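Q: Got a structure for you, run.pdb, holding PDB, C-alpha atoms.
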```
MODEL        1
ATOM      1  CA  MET S   1      13.306  18.990  14.119
ATOM      2  CA  SER S   2      15.504  16.552  12.219
ATOM      3  CA  ARG S   3      16.838  17.859   8.887
ATOM      4  CA  ASN S   4      14.161  20.561   8.858
ATOM      5  CA  LEU S   5      11.598  18.060   7.691
ATOM      6  CA  PRO S   6       8.296  19.613   6.622
ATOM      7  CA  ARG S   7       5.293  19.324   8.878
ATOM      8  CA  GLU S   8       3.481  16.907   6.574
ATOM      9  CA  THR S   9       6.446  14.543   6.547
ATOM     10  CA  LEU S  10       6.523  14.507  10.340
ATOM     11  CA  LEU S  11       2.795  13.834  10.494
ATOM     12  CA  GLU S  12       3.204  11.087   7.897
ATOM     13  CA  MET S  13       5.786   9.429  10.143
ATOM     14  CA  GLN S  14       3.253   9.319  12.966
ATOM     15  CA  ARG S  15       0.562   8.171  10.567
ATOM     16  CA  ARG S  16       2.631   5.239   9.330
ATOM     17  CA  MET S  17       3.695   4.212  12.826
ATOM     18  CA  LEU S  18       0.044   4.164  13.856
ATOM     19  CA  ARG S  19      -0.858   2.139  10.778
ATOM     20  CA  ILE S  20       1.720  -0.494  11.700
ATOM     21  CA  ARG S  21       0.605  -0.610  15.341
ATOM     22  CA  LEU S  22      -3.118  -0.870  14.675
ATOM     23  CA  PHE S  23      -2.682  -3.188  11.681
ATOM     24  CA  ASP S  24      -0.616  -5.609  13.767
ATOM     25  CA  GLU S  25      -3.014  -5.420  16.693
ATOM     26  CA  ARG S  26      -5.875  -6.291  14.355
ATOM     27  CA  ALA S  27      -3.848  -9.083  12.717
ATOM     28  CA  SER S  28      -3.161 -10.516  16.175
ATOM     29  CA  LYS S  29      -6.883 -10.653  16.910
ATOM     30  CA  MET S  30      -7.665 -12.183  13.529
ATOM     31  CA  VAL S  31      -5.123 -14.978  13.866
ATOM     32  CA  LYS S  32      -6.527 -15.859  17.301
ATOM     33  CA  ARG S  33     -10.032 -15.970  15.841
ATOM     34  CA  GLY S  34      -8.947 -18.325  13.072
ATOM     35  CA  TYR S  35      -9.191 -15.894  10.158
ATOM     36  CA  ILE S  36      -5.440 -15.992   9.472
ATOM     37  CA  PRO S  37      -3.790 -19.411   9.095
ATOM     38  CA  GLY S  38      -0.617 -20.115  11.032
ATOM     39  CA  THR S  39       0.821 -17.252  13.038
ATOM     40  CA  VAL S  40       1.956 -13.652  12.616
ATOM     41  CA  HIS S  41       5.019 -11.803  13.899
ATOM     42  CA  THR S  42       4.151  -8.271  14.936
ATOM     43  CA  SER S  43       6.320  -5.146  14.949
ATOM     44  CA  ILE S  44       4.509  -3.660  17.940
ATOM     45  CA  GLY S  45       7.097  -1.560  19.766
ATOM     46  CA  GLN S  46       9.466  -1.418  16.786
ATOM     47  CA  GLU S  47       7.509   1.018  14.626
ATOM     48  CA  ALA S  48       9.988   3.907  14.891
ATOM     49  CA  GLN S  49      12.889   2.029  13.358
ATOM     50  CA  VAL S  50      10.694   0.697  10.545
ATOM     51  CA  VAL S  51       9.199   4.059   9.602
ATOM     52  CA  GLY S  52      12.335   6.098  10.196
ATOM     53  CA  ALA S  53      14.342   3.818   7.925
ATOM     54  CA  CYS S  54      11.751   3.441   5.171
ATOM     55  CA  MET S  55      10.918   7.142   4.993
ATOM     56  CA  ALA S  56      14.613   7.976   4.645
ATOM     57  CA  LEU S  57      14.486   6.315   1.217
ATOM     58  CA  ASN S  58      13.331   7.874  -2.045
ATOM     59  CA  ALA S  59      10.497   6.767  -4.271
ATOM     60  CA  GLY S  60      11.916   4.053  -6.507
ATOM     61  CA  ASP S  61      14.313   2.661  -3.903
ATOM     62  CA  HIS S  62      14.114  -0.994  -2.898
ATOM     63  CA  MET S  63      13.623  -2.748   0.419
ATOM     64  CA  THR S  64      13.613  -6.342   1.652
ATOM     65  CA  GLY S  65      12.261  -7.469   4.996
ATOM     66  CA  ASN S  66      12.326 -10.496   7.256
ATOM     67  CA  HIS S  67       9.817 -12.680   9.076
ATOM     68  CA  ARG S  68       8.566  -9.666  11.085
ATOM     69  CA  SER S  69       7.563  -7.689   8.045
ATOM     70  CA  HIS S  70       4.000  -6.447   7.838
ATOM     71  CA  GLY S  71       5.358  -3.142   9.050
ATOM     72  CA  HIS S  72       8.034  -2.732   6.403
ATOM     73  CA  PRO S  73       5.750  -2.345   3.368
ATOM     74  CA  ILE S  74       3.487  -0.126   5.473
ATOM     75  CA  GLY S  75       6.558   1.948   6.249
ATOM     76  CA  MET S  76       7.156   2.208   2.509
ATOM     77  CA  GLY S  77       3.586   3.425   1.961
ATOM     78  CA  SER S  78       1.769   0.237   0.990
ATOM     79  CA  PRO S  79      -2.077   0.349   1.211
ATOM     80  CA  LEU S  80      -3.474  -1.696   4.116
ATOM     81  CA  GLY S  81      -6.341  -3.525   2.412
ATOM     82  CA  PRO S  82      -4.300  -5.773   0.081
ATOM     83  CA  LEU S  83      -1.809  -6.451   2.888
ATOM     84  CA  MET S  84      -4.477  -7.697   5.275
ATOM     85  CA  ALA S  85      -6.112  -9.676   2.484
ATOM     86  CA  GLU S  86      -2.749 -11.338   1.885
ATOM     87  CA  LEU S  87      -2.514 -12.390   5.517
ATOM     88  CA  VAL S  88      -5.976 -13.921   5.262
ATOM     89  CA  GLY S  89      -5.024 -15.653   1.993
ATOM     90  CA  LYS S  90      -7.525 -13.906  -0.265
ATOM     91  CA  ALA S  91      -7.399 -13.291  -4.026
ATOM     92  CA  THR S  92      -7.238  -9.529  -3.435
ATOM     93  CA  GLY S  93      -4.061  -9.909  -1.405
ATOM     94  CA  VAL S  94      -0.943  -8.100  -2.548
ATOM     95  CA  CYS S  95       0.416 -11.479  -3.736
ATOM     96  CA  GLY S  96      -2.929 -13.012  -4.604
ATOM     97  CA  GLY S  97      -3.094 -14.828  -1.282
ATOM     98  CA  LYS S  98      -0.033 -16.982  -1.973
ATOM     99  CA  GLY S  99       2.486 -15.227   0.249
ATOM    100  CA  GLY S 100       0.634 -14.922   3.514
ATOM    101  CA  SER S 101       2.150 -13.296   6.555
ATOM    102  CA  LEU S 102       5.722 -14.471   6.002
ATOM    103  CA  HIS S 103       6.264 -14.087   2.266
ATOM    104  CA  LEU S 104       4.476 -11.011   0.985
ATOM    105  CA  ALA S 105       5.847  -8.328  -1.327
ATOM    106  CA  ASP S 106       4.591  -5.108  -2.852
ATOM    107  CA  TYR S 107       6.672  -4.056  -5.850
ATOM    108  CA  ALA S 108       4.590  -0.898  -6.246
ATOM    109  CA  VAL S 109       6.319   0.635  -3.206
ATOM    110  CA  GLY S 110       9.692  -1.048  -3.723
ATOM    111  CA  SER S 111       9.104  -3.921  -1.297
ATOM    112  CA  LEU S 112      10.843  -6.870  -2.956
ATOM    113  CA  GLY S 113       9.697  -9.375  -0.374
ATOM    114  CA  GLU S 114      10.274 -10.926   2.993
ATOM    115  CA  SER S 115      10.969 -14.442   4.164
ATOM    116  CA  GLY S 116      10.614 -16.718   7.153
ATOM    117  CA  ILE S 117      14.014 -18.197   6.278
ATOM    118  CA  THR S 118      16.542 -16.321   8.365
ATOM    119  CA  GLY S 119      18.658 -13.998   6.262
ATOM    120  CA  SER S 120      17.382 -15.167   2.888
ATOM    121  CA  SER S 121      16.129 -11.751   1.797
ATOM    122  CA  ILE S 122      19.495 -10.039   2.411
ATOM    123  CA  PRO S 123      21.169 -11.124  -0.868
ATOM    124  CA  ILE S 124      18.030 -10.090  -2.767
ATOM    125  CA  ALA S 125      18.615  -6.501  -1.637
ATOM    126  CA  VAL S 126      22.279  -6.787  -2.635
ATOM    127  CA  GLY S 127      21.133  -8.001  -6.048
ATOM    128  CA  ALA S 128      18.841  -4.995  -6.316
ATOM    129  CA  GLY S 129      21.789  -2.755  -5.492
ATOM    130  CA  LEU S 130      23.914  -4.468  -8.135
ATOM    131  CA  SER S 131      21.141  -4.042 -10.686
ATOM    132  CA  ALA S 132      20.908  -0.321  -9.907
ATOM    133  CA  GLN S 133      24.657   0.050 -10.322
ATOM    134  CA  VAL S 134      24.824  -1.852 -13.621
ATOM    135  CA  LEU S 135      21.850   0.019 -15.062
ATOM    136  CA  GLY S 136      23.093   3.381 -13.820
ATOM    137  CA  GLU S 137      19.904   3.980 -11.836
ATOM    138  CA  ASP S 138      19.700   6.226  -8.789
ATOM    139  CA  ARG S 139      18.357   3.516  -6.510
ATOM    140  CA  VAL S 140      19.337   2.392  -3.023
ATOM    141  CA  ALA S 141      18.502  -1.028  -1.559
ATOM    142  CA  LEU S 142      17.735  -1.374   2.150
ATOM    143  CA  THR S 143      17.566  -4.756   3.883
ATOM    144  CA  PHE S 144      16.244  -5.419   7.380
ATOM    145  CA  PHE S 145      17.456  -8.291   9.570
ATOM    146  CA  GLY S 146      17.395  -9.142  13.265
ATOM    147  CA  ASP S 147      20.106  -9.668  15.847
ATOM    148  CA  GLY S 148      19.733 -13.431  15.425
ATOM    149  CA  THR S 149      20.454 -13.138  11.709
ATOM    150  CA  ALA S 150      23.595 -11.161  12.545
ATOM    151  CA  ASN S 151      25.319 -14.523  13.063
ATOM    152  CA  GLN S 152      24.284 -16.016   9.727
ATOM    153  CA  GLY S 153      26.926 -16.481   7.056
ATOM    154  CA  VAL S 154      24.722 -15.137   4.280
ATOM    155  CA  LEU S 155      24.875 -11.686   5.879
ATOM    156  CA  TYR S 156      28.655 -11.572   5.677
ATOM    157  CA  GLU S 157      28.787 -12.935   2.154
ATOM    158  CA  SER S 158      26.360 -10.182   1.183
ATOM    159  CA  MET S 159      28.250  -7.454   3.051
ATOM    160  CA  ASN S 160      31.496  -8.563   1.445
ATOM    161  CA  LEU S 161      30.068  -8.475  -2.072
ATOM    162  CA  ALA S 162      28.398  -5.114  -1.488
ATOM    163  CA  SER S 163      31.620  -3.640  -0.163
ATOM    164  CA  ALA S 164      33.855  -5.090  -2.882
ATOM    165  CA  TYR S 165      31.601  -3.680  -5.626
ATOM    166  CA  LYS S 166      30.660  -0.487  -3.721
ATOM    167  CA  LEU S 167      26.987  -1.269  -4.124
ATOM    168  CA  PRO S 168      24.267   1.170  -3.000
ATOM    169  CA  ALA S 169      23.076  -1.055  -0.151
ATOM    170  CA  ILE S 170      22.124  -0.452   3.470
ATOM    171  CA  PHE S 171      22.189  -3.306   5.987
ATOM    172  CA  LEU S 172      19.911  -2.519   8.936
ATOM    173  CA  CYS S 173      19.993  -4.714  12.025
ATOM    174  CA  GLU S 174      16.826  -4.530  14.107
ATOM    175  CA  ASN S 175      18.425  -5.420  17.431
ATOM    176  CA  ASN S 176      15.539  -6.152  19.791
ATOM    177  CA  PHE S 177      17.848  -8.123  22.112
ATOM    178  CA  TYR S 178      16.292 -11.541  21.481
ATOM    179  CA  ALA S 179      16.353 -14.154  18.740
ATOM    180  CA  LEU S 180      12.984 -15.619  19.640
ATOM    181  CA  SER S 181      13.819 -16.221  23.357
ATOM    182  CA  THR S 182      17.620 -16.341  23.129
ATOM    183  CA  PRO S 183      19.272 -13.203  24.564
ATOM    184  CA  SER S 184      21.580 -11.683  21.992
ATOM    185  CA  HIS S 185      24.460 -11.228  24.423
ATOM    186  CA  THR S 186      24.613 -14.977  25.081
ATOM    187  CA  VAL S 187      25.298 -15.897  21.453
ATOM    188  CA  THR S 188      26.857 -12.791  19.908
ATOM    189  CA  GLY S 189      30.432 -11.731  20.555
ATOM    190  CA  GLY S 190      31.004  -7.975  20.603
ATOM    191  CA  ARG S 191      28.765  -5.331  19.088
ATOM    192  CA  ILE S 192      27.086  -6.092  15.790
ATOM    193  CA  VAL S 193      27.804  -2.603  14.441
ATOM    194  CA  ASP S 194      31.558  -3.114  14.913
ATOM    195  CA  ARG S 195      31.528  -5.880  12.318
ATOM    196  CA  ALA S 196      31.154  -3.259   9.602
ATOM    197  CA  ALA S 197      34.867  -2.433   9.902
ATOM    198  CA  GLY S 198      35.804  -5.902   8.718
ATOM    199  CA  PHE S 199      34.180  -5.140   5.374
ATOM    200  CA  GLY S 200      35.524  -1.619   4.985
ATOM    201  CA  MET S 201      32.147   0.041   5.406
ATOM    202  CA  PRO S 202      30.958   2.553   8.008
ATOM    203  CA  GLY S 203      28.816   1.339  10.856
ATOM    204  CA  VAL S 204      26.524   3.440  13.016
ATOM    205  CA  ARG S 205      24.540   2.381  16.059
ATOM    206  CA  VAL S 206      21.281   4.128  16.888
ATOM    207  CA  GLU S 207      21.087   3.688  20.642
ATOM    208  CA  ASP S 208      17.506   4.953  20.869
ATOM    209  CA  GLY S 209      15.650   3.074  18.178
ATOM    210  CA  GLN S 210      12.380   4.338  19.654
ATOM    211  CA  ASP S 211      13.224   7.769  18.242
ATOM    212  CA  VAL S 212      11.940   7.804  14.664
ATOM    213  CA  LEU S 213      14.015  10.854  13.764
ATOM    214  CA  ALA S 214      17.265   9.344  15.046
ATOM    215  CA  VAL S 215      16.701   6.312  12.828
ATOM    216  CA  TYR S 216      15.727   8.535   9.909
ATOM    217  CA  ASP S 217      18.949  10.518  10.209
ATOM    218  CA  ALA S 218      21.159   7.428  10.342
ATOM    219  CA  VAL S 219      19.551   5.774   7.332
ATOM    220  CA  ALA S 220      19.321   9.028   5.348
ATOM    221  CA  GLU S 221      23.067   9.535   5.776
ATOM    222  CA  ALA S 222      23.729   5.952   4.653
ATOM    223  CA  ALA S 223      21.455   6.479   1.641
ATOM    224  CA  ASP S 224      23.194   9.731   0.718
ATOM    225  CA  ARG S 225      26.537   7.971   0.898
ATOM    226  CA  ALA S 226      25.285   5.140  -1.314
ATOM    227  CA  ARG S 227      23.976   7.599  -3.919
ATOM    228  CA  ARG S 228      27.372   9.257  -4.053
ATOM    229  CA  GLY S 229      28.859   5.932  -5.121
ATOM    230  CA  GLU S 230      30.659   5.380  -1.819
ATOM    231  CA  GLY S 231      29.193   1.938  -1.169
ATOM    232  CA  PRO S 232      27.215   0.223   1.580
ATOM    233  CA  SER S 233      26.708   0.953   5.273
ATOM    234  CA  LEU S 234      25.673  -1.040   8.329
ATOM    235  CA  VAL S 235      23.138   0.498  10.703
ATOM    236  CA  GLU S 236      22.354  -1.212  14.005
ATOM    237  CA  VAL S 237      19.189   0.014  15.716
ATOM    238  CA  MET S 238      18.466  -0.802  19.344
ATOM    239  CA  THR S 239      14.742  -1.401  19.709
ATOM    240  CA  TYR S 240      12.292  -3.725  21.462
ATOM    241  CA  ARG S 241       9.275  -5.815  20.581
ATOM    242  CA  PHE S 242       6.464  -5.434  23.076
ATOM    243  CA  ARG S 243       4.709  -8.694  22.200
ATOM    244  CA  GLU S 244       5.902 -12.277  22.023
ATOM    245  CA  HIS S 245       8.080 -13.485  19.138
ATOM    246  CA  SER S 246       4.933 -14.575  17.316
ATOM    247  CA  GLU S 247       1.259 -14.587  18.167
ATOM    248  CA  GLY S 248       0.091 -17.710  19.951
ATOM    249  CA  LEU S 249       3.610 -18.876  20.785
ATOM    250  CA  ARG S 250       3.667 -20.424  24.244
ATOM    251  CA  ILE S 251       6.953 -20.379  26.138
ATOM    252  CA  ASN S 252       6.964 -21.781  29.674
ATOM    253  CA  VAL S 253       9.862 -19.629  30.856
ATOM    254  CA  ASP S 254       9.476 -15.855  31.220
ATOM    255  CA  TYR S 255      12.791 -14.888  29.654
ATOM    256  CA  ARG S 256      12.204 -11.121  29.916
ATOM    257  CA  ASP S 257      12.010  -9.647  33.409
ATOM    258  CA  ALA S 258       9.350  -7.168  34.470
ATOM    259  CA  GLU S 259      11.769  -4.282  34.961
ATOM    260  CA  GLU S 260      13.116  -4.614  31.432
ATOM    261  CA  LYS S 261       9.668  -4.729  29.902
ATOM    262  CA  ALA S 262       8.481  -1.783  31.973
ATOM    263  CA  PHE S 263      11.417   0.331  30.819
ATOM    264  CA  TRP S 264      10.832  -0.348  27.146
ATOM    265  CA  THR S 265       7.057   0.052  27.243
ATOM    266  CA  SER S 266       7.688   3.473  28.799
ATOM    267  CA  ARG S 267       9.594   4.215  25.579
ATOM    268  CA  ASP S 268       6.623   3.602  23.283
ATOM    269  CA  PRO S 269       7.713   5.280  20.022
ATOM    270  CA  ILE S 270       4.218   6.337  19.030
ATOM    271  CA  ILE S 271       3.507   8.053  22.351
ATOM    272  CA  LEU S 272       6.943   9.678  22.379
ATOM    273  CA  PHE S 273       6.583  11.126  18.900
ATOM    274  CA  ARG S 274       3.043  12.319  19.504
ATOM    275  CA  GLU S 275       4.233  14.162  22.610
ATOM    276  CA  ALA S 276       7.132  15.691  20.671
ATOM    277  CA  LEU S 277       4.877  16.898  17.859
ATOM    278  CA  VAL S 278       2.477  18.536  20.303
ATOM    279  CA  ALA S 279       5.244  20.006  22.485
ATOM    280  CA  ARG S 280       6.866  21.651  19.443
ATOM    281  CA  ASP S 281       3.546  23.061  18.178
ATOM    282  CA  ILE S 282       3.708  20.979  15.017
ATOM    283  CA  ALA S 283       0.270  19.552  15.734
ATOM    284  CA  SER S 284      -2.384  20.100  18.365
ATOM    285  CA  THR S 285      -3.753  17.429  20.659
ATOM    286  CA  GLU S 286      -7.018  17.588  18.729
ATOM    287  CA  GLU S 287      -5.204  17.057  15.427
ATOM    288  CA  MET S 288      -3.374  14.035  16.812
ATOM    289  CA  ASP S 289      -6.631  12.586  18.155
ATOM    290  CA  ALA S 290      -8.221  13.030  14.726
ATOM    291  CA  LEU S 291      -5.233  11.414  13.019
ATOM    292  CA  GLU S 292      -5.482   8.376  15.297
ATOM    293  CA  ALA S 293      -9.228   8.093  14.758
ATOM    294  CA  GLY S 294      -8.684   8.162  11.010
ATOM    295  CA  ILE S 295      -6.162   5.311  11.189
ATOM    296  CA  GLU S 296      -8.555   3.285  13.347
ATOM    297  CA  GLU S 297     -11.191   3.627  10.621
ATOM    298  CA  GLU S 298      -8.627   2.734   7.973
ATOM    299  CA  VAL S 299      -7.646  -0.478   9.784
ATOM    300  CA  GLU S 300     -11.279  -1.406  10.369
ATOM    301  CA  ALA S 301     -11.930  -0.970   6.659
ATOM    302  CA  CYS S 302      -8.899  -3.070   5.685
ATOM    303  CA  ALA S 303     -10.065  -5.935   7.906
ATOM    304  CA  THR S 304     -13.547  -5.798   6.403
ATOM    305  CA  PHE S 305     -12.049  -5.724   2.905
ATOM    306  CA  ALA S 306      -9.938  -8.782   3.671
ATOM    307  CA  LEU S 307     -12.723 -10.853   5.191
ATOM    308  CA  GLU S 308     -15.208 -10.013   2.427
ATOM    309  CA  SER S 309     -12.738 -10.675  -0.417
ATOM    310  CA  PRO S 310     -13.020 -13.897  -2.446
ATOM    311  CA  ASP S 311     -10.717 -16.866  -2.018
ATOM    312  CA  PRO S 312      -8.243 -17.510  -4.856
ATOM    313  CA  ASP S 313      -9.554 -19.678  -7.658
ATOM    314  CA  LEU S 314      -7.940 -23.081  -8.141
ATOM    315  CA  SER S 315      -7.091 -22.152 -11.724
ATOM    316  CA  VAL S 316      -4.377 -19.726 -10.569
ATOM    317  CA  ALA S 317      -2.649 -22.180  -8.231
ATOM    318  CA  PHE S 318       0.391 -22.607 -10.486
ATOM    319  CA  GLU S 319       0.663 -19.051 -11.786
ATOM    320  CA  HIS S 320       3.817 -17.110 -10.899
ATOM    321  CA  LEU S 321       5.626 -20.281  -9.845
ATOM    322  CA  TYR S 322       7.520 -21.078 -13.049
ATOM    323  CA  THR S 323       8.551 -19.107 -16.118
ATOM    324  CA  ASP S 324       6.891 -21.829 -18.195
ATOM    325  CA  PRO S 325       3.983 -22.944 -16.001
ATOM    326  CA  TYR S 326       2.490 -26.376 -16.207
ATOM    327  CA  GLU S 327      -1.023 -26.762 -17.553
ATOM    328  CA  LEU S 328      -3.351 -27.279 -14.612
ATOM    329  CA  GLU S 329      -5.013 -30.358 -16.149
ATOM    330  CA  ALA S 330      -1.641 -32.045 -16.599
ATOM    331  CA  VAL S 331      -0.784 -32.055 -12.893
ATOM    332  CA  LEU S 332      -4.160 -32.812 -11.315
TER     333      LEU S 332
ENDMDL
END
```
Please re-express this file's structure in C-alpha cells.
A:
Amino acid sequence: MSRNLPRETLLEMQRRMLRIRLFDERASKMVKRGYIPGTVHTSIGQEAQVVGACMALNAGDHMTGNHRSHGHPIGMGSPLGPLMAELVGKATGVCGGKGGSLHLADYAVGSLGESGITGSSIPIAVGAGLSAQVLGEDRVALTFFGDGTANQGVLYESMNLASAYKLPAIFLCENNFYALSTPSHTVTGGRIVDRAAGFGMPGVRVEDGQDVLAVYDAVAEAADRARRGEGPSLVEVMTYRFREHSEGLRINVDYRDAEEKAFWTSRDPIILFREALVARDIASTEEMDALEAGIEEEVEACATFALESPDPDLSVAFEHLYTDPYELEAVL
C-alpha cells in the first residue's frame, strides 16, 4: 500500500478515523441532550482527509484547524478525554473549559488552535512556519480551511507571504462542496487548486478525499518539499460531510439532493479503508471488529470523564487572557 507504510501505521489510520467518527457522534448526542452549550460541527464523512493529512506530518510539526475541528487534534493524536471535557466546558478540558467546541487547542500534539472566525487560523500556521524558518527548526505547518474560506482575503495574504519567504507551510482546502448551504460552484470561479499558480507554489487536487492514503501521499509530498526549503504548497481535497453544517441547525430547504447524498455515503472512508485492509490481508475481520469495539469503549470512557469532571473555578476566569492579568477582586 501507499509508500510501503508499516502495518501498525495503517491500523493507526483506521483507529484515528474511528475515533473521530465515534467522538463526533457522541458529541452530537451530548449537545442535543444539553450537556454541551451551543452547537458542534462534526467531521463525519470527512475523516479520511483529516487523518491522511495529519499523519503525513512528523512529531513536532504544527497544525491549525477551523470551525469543524474536533477531528484535527484527534488526527494529530490528541487524547479524547480532555477534548470531550473541553466541549462540555469542564476544568479538565484541554483548554480548561474556556475554548469549547470552536476554539480548542492542544499544543502537546502540535495543534495550535481552531476558530469559528472564517480563515483566522490560517495566518497562525504561516507564523508557525516563519518561526520554524527563523529558528532553523525542522518543522512544517499545516492549515485546514473550507471551500467557503477559499474566497477570503486572509488566505491569499497568507499564501503570498508564505510563497515570498518560502515558508514550510501547507494550505489544505477541505472542499466538501458547501459553505454551510451555499454550493461552492455558485460563488467560486474556477478550481480552487488552480489559484496556487498565482503565488508560484504547486497545487494538487485529491479527487477522492475519501481515500486516506491518497490524501496522505499528497500531504506527505508537500511536507517533504517544505522540509527541503522549497516553500509552501496548496492541496485541495474533495470530500463530503454526511451531517448538517452544525448539529441542531434547521434549514427549511433541502439543498442536497438524495442522489448526491447516496453517492457520497456509499464512499464512507471508514468502511472503504476497513475493506481494503481486510482484502489485502493486513488485518482480519475479527481484528477490525476488535479495533472498533476498543474505540467504542474509549469514546464511552471519554464521555464519562467529561461529565464527571469538575466545572472551572471562578478564580481562573481571567487566567491566560492577558500577559499581565488583572486581579480578580479588582474587576468584580
Q: Residues at most 10 Å from stretch 160-168 of chain S, counting only C-alpha atoms, excluding those fewer than 5 positions away in the same chain, as a PyMOL selection string?
A: chain S and resi 123+125-134+138-142+154-155+196+198-201+222-233
Q: Once the PyMOL selection byres ((chain S and resi 81) around 7) is applied to the coordinates I shared, what remains selected? I want it as an MDAnalysis selection string.
A: chainID S and resid 79:80 82:85 302 305:306
Q: Could you tell me which of S:Val31, S:Ala301, S:Val51, S:Ala317 comes closest to S:Glu12 if we count all atoms listed in the file?
A: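 Closest to S:Glu12 of all the choices is S:Val51.
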Q: Pick out the residues sitting within 6 Å of S:Gly100, and hand them over as a PyMOL selection string; count all atoms listed in the file, and ignore anything fewer than 3 positions along from it in its own chain.
A: chain S and resi 86-87+89+103
Q: Take the PyMOL selection byres ((chain S and resi 281-293) around 10), run it mentally on this structure, and tell me the resulting residues as an NGL selection string.
A: :S and (1 or 6-8 or 10-12 or 14-15 or 18-19 or 22 or 274-280 or 294-298)
Q: Considering only C-alpha atoms, state which residue in the set S:Val40, S:Cys173, S:Leu112, S:Leu249 is at the smallest distance from S:Ala53.
A: S:Cys173
Q: Do you know which residues the PyMOL selection byres ((chain S and resi 265) around 12) returns on this file, as a ChimeraX atom specification?
A: /S:44-46,210,239-243,258-264,266-272
Q: So that I can see what lies close to stretch 55-67 of chain S, please list as number ranges by chain the residues with an atom at most 8 Å from it, counting all atoms listed in the file and leaving out residues fewer than 5 positions away in the same chain.
A: S: 13, 41, 72, 75-76, 102-103, 109-119, 121-122, 124-125, 128, 139-146, 216-217, 219-220, 223
Q: Within 10 Å of (15.4, 13.4, 13.9), in the coordinates the file gives, what residues turn up when you count all atoms listed in the file, written out as a ChimeraX atom specification?
A: /S:1-5,10,52,211-218
Q: Emit the selected residues as a PDB file, keeping the file's coordinate frame, including C-alpha atoms.
A:
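To be explicit, this is the file written out as out35.pdb:
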```
ATOM      1  CA  MET S   1      13.306  18.990  14.119  1.00  0.00           C
ATOM      2  CA  SER S   2      15.504  16.552  12.219  1.00  0.00           C
ATOM      3  CA  ARG S   3      16.838  17.859   8.887  1.00  0.00           C
ATOM      4  CA  ASN S   4      14.161  20.561   8.858  1.00  0.00           C
ATOM      5  CA  LEU S   5      11.598  18.060   7.691  1.00  0.00           C
ATOM      6  CA  LEU S  10       6.523  14.507  10.340  1.00  0.00           C
ATOM      7  CA  GLY S  52      12.335   6.098  10.196  1.00  0.00           C
ATOM      8  CA  ASP S 211      13.224   7.769  18.242  1.00  0.00           C
ATOM      9  CA  VAL S 212      11.940   7.804  14.664  1.00  0.00           C
ATOM     10  CA  LEU S 213      14.015  10.854  13.764  1.00  0.00           C
ATOM     11  CA  ALA S 214      17.265   9.344  15.046  1.00  0.00           C
ATOM     12  CA  VAL S 215      16.701   6.312  12.828  1.00  0.00           C
ATOM     13  CA  TYR S 216      15.727   8.535   9.909  1.00  0.00           C
ATOM     14  CA  ASP S 217      18.949  10.518  10.209  1.00  0.00           C
ATOM     15  CA  ALA S 218      21.159   7.428  10.342  1.00  0.00           C
TER      16      ALA S 218
END
```
Q: Mind giving me the straight-line distance from atom CA of S:Val204 to atom CA of S:Val50 in Å, one decimal?
A: 16.3 Å
Q: Hey, can you check how far atom CA of S:Ile36 sits from atom CA of S:Ser101?
A: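 Interatomic distance, atom CA of S:Ile36 to atom CA of S:Ser101: 8.6 Å.
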Q: For S:Ala91, find every residue with an atom within 6 Å (counting all atoms listed in the file), except residues of its own chain fewer than 5 positions away, and show them as a list in words.
A: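 Listing them by chain and then by number gives Gly96, Gly97, Pro310, Asp311 and Pro312 of chain S.
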Q: Taking the partial coordinates given, rebuild stretch 218-229 of chain S to contain N, CA and C atoms; return it as a tab-separated table (two decimals), keeping the file's coordinate frame.
A:
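Written out: result_23.tsv:
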```
chain	number	residue	atom	x	y	z
S	218	ALA	N	20.11	8.42	10.59
S	218	ALA	CA	21.16	7.43	10.34
S	218	ALA	C	21.00	6.79	8.97
S	219	VAL	N	19.77	6.43	8.62
S	219	VAL	CA	19.55	5.77	7.33
S	219	VAL	C	19.66	6.78	6.19
S	220	ALA	N	19.20	8.01	6.39
S	220	ALA	CA	19.32	9.03	5.35
S	220	ALA	C	20.78	9.29	5.00
S	221	GLU	N	21.64	9.33	6.02
S	221	GLU	CA	23.07	9.54	5.78
S	221	GLU	C	23.66	8.35	5.01
S	222	ALA	N	23.25	7.14	5.38
S	222	ALA	CA	23.73	5.95	4.65
S	222	ALA	C	23.24	5.96	3.21
S	223	ALA	N	22.00	6.41	3.00
S	223	ALA	CA	21.46	6.48	1.64
S	223	ALA	C	22.18	7.54	0.81
S	224	ASP	N	22.46	8.68	1.43
S	224	ASP	CA	23.19	9.73	0.72
S	224	ASP	C	24.57	9.22	0.29
S	225	ARG	N	25.22	8.52	1.19
S	225	ARG	CA	26.54	7.97	0.90
S	225	ARG	C	26.47	6.98	-0.26
S	226	ALA	N	25.45	6.13	-0.25
S	226	ALA	CA	25.28	5.14	-1.31
S	226	ALA	C	25.06	5.82	-2.66
S	227	ARG	N	24.27	6.90	-2.66
S	227	ARG	CA	23.98	7.60	-3.92
S	227	ARG	C	25.21	8.31	-4.47
S	228	ARG	N	26.13	8.63	-3.59
S	228	ARG	CA	27.37	9.26	-4.05
S	228	ARG	C	28.37	8.23	-4.60
S	229	GLY	N	27.98	6.97	-4.60
S	229	GLY	CA	28.86	5.93	-5.12
S	229	GLY	C	29.90	5.46	-4.13
```
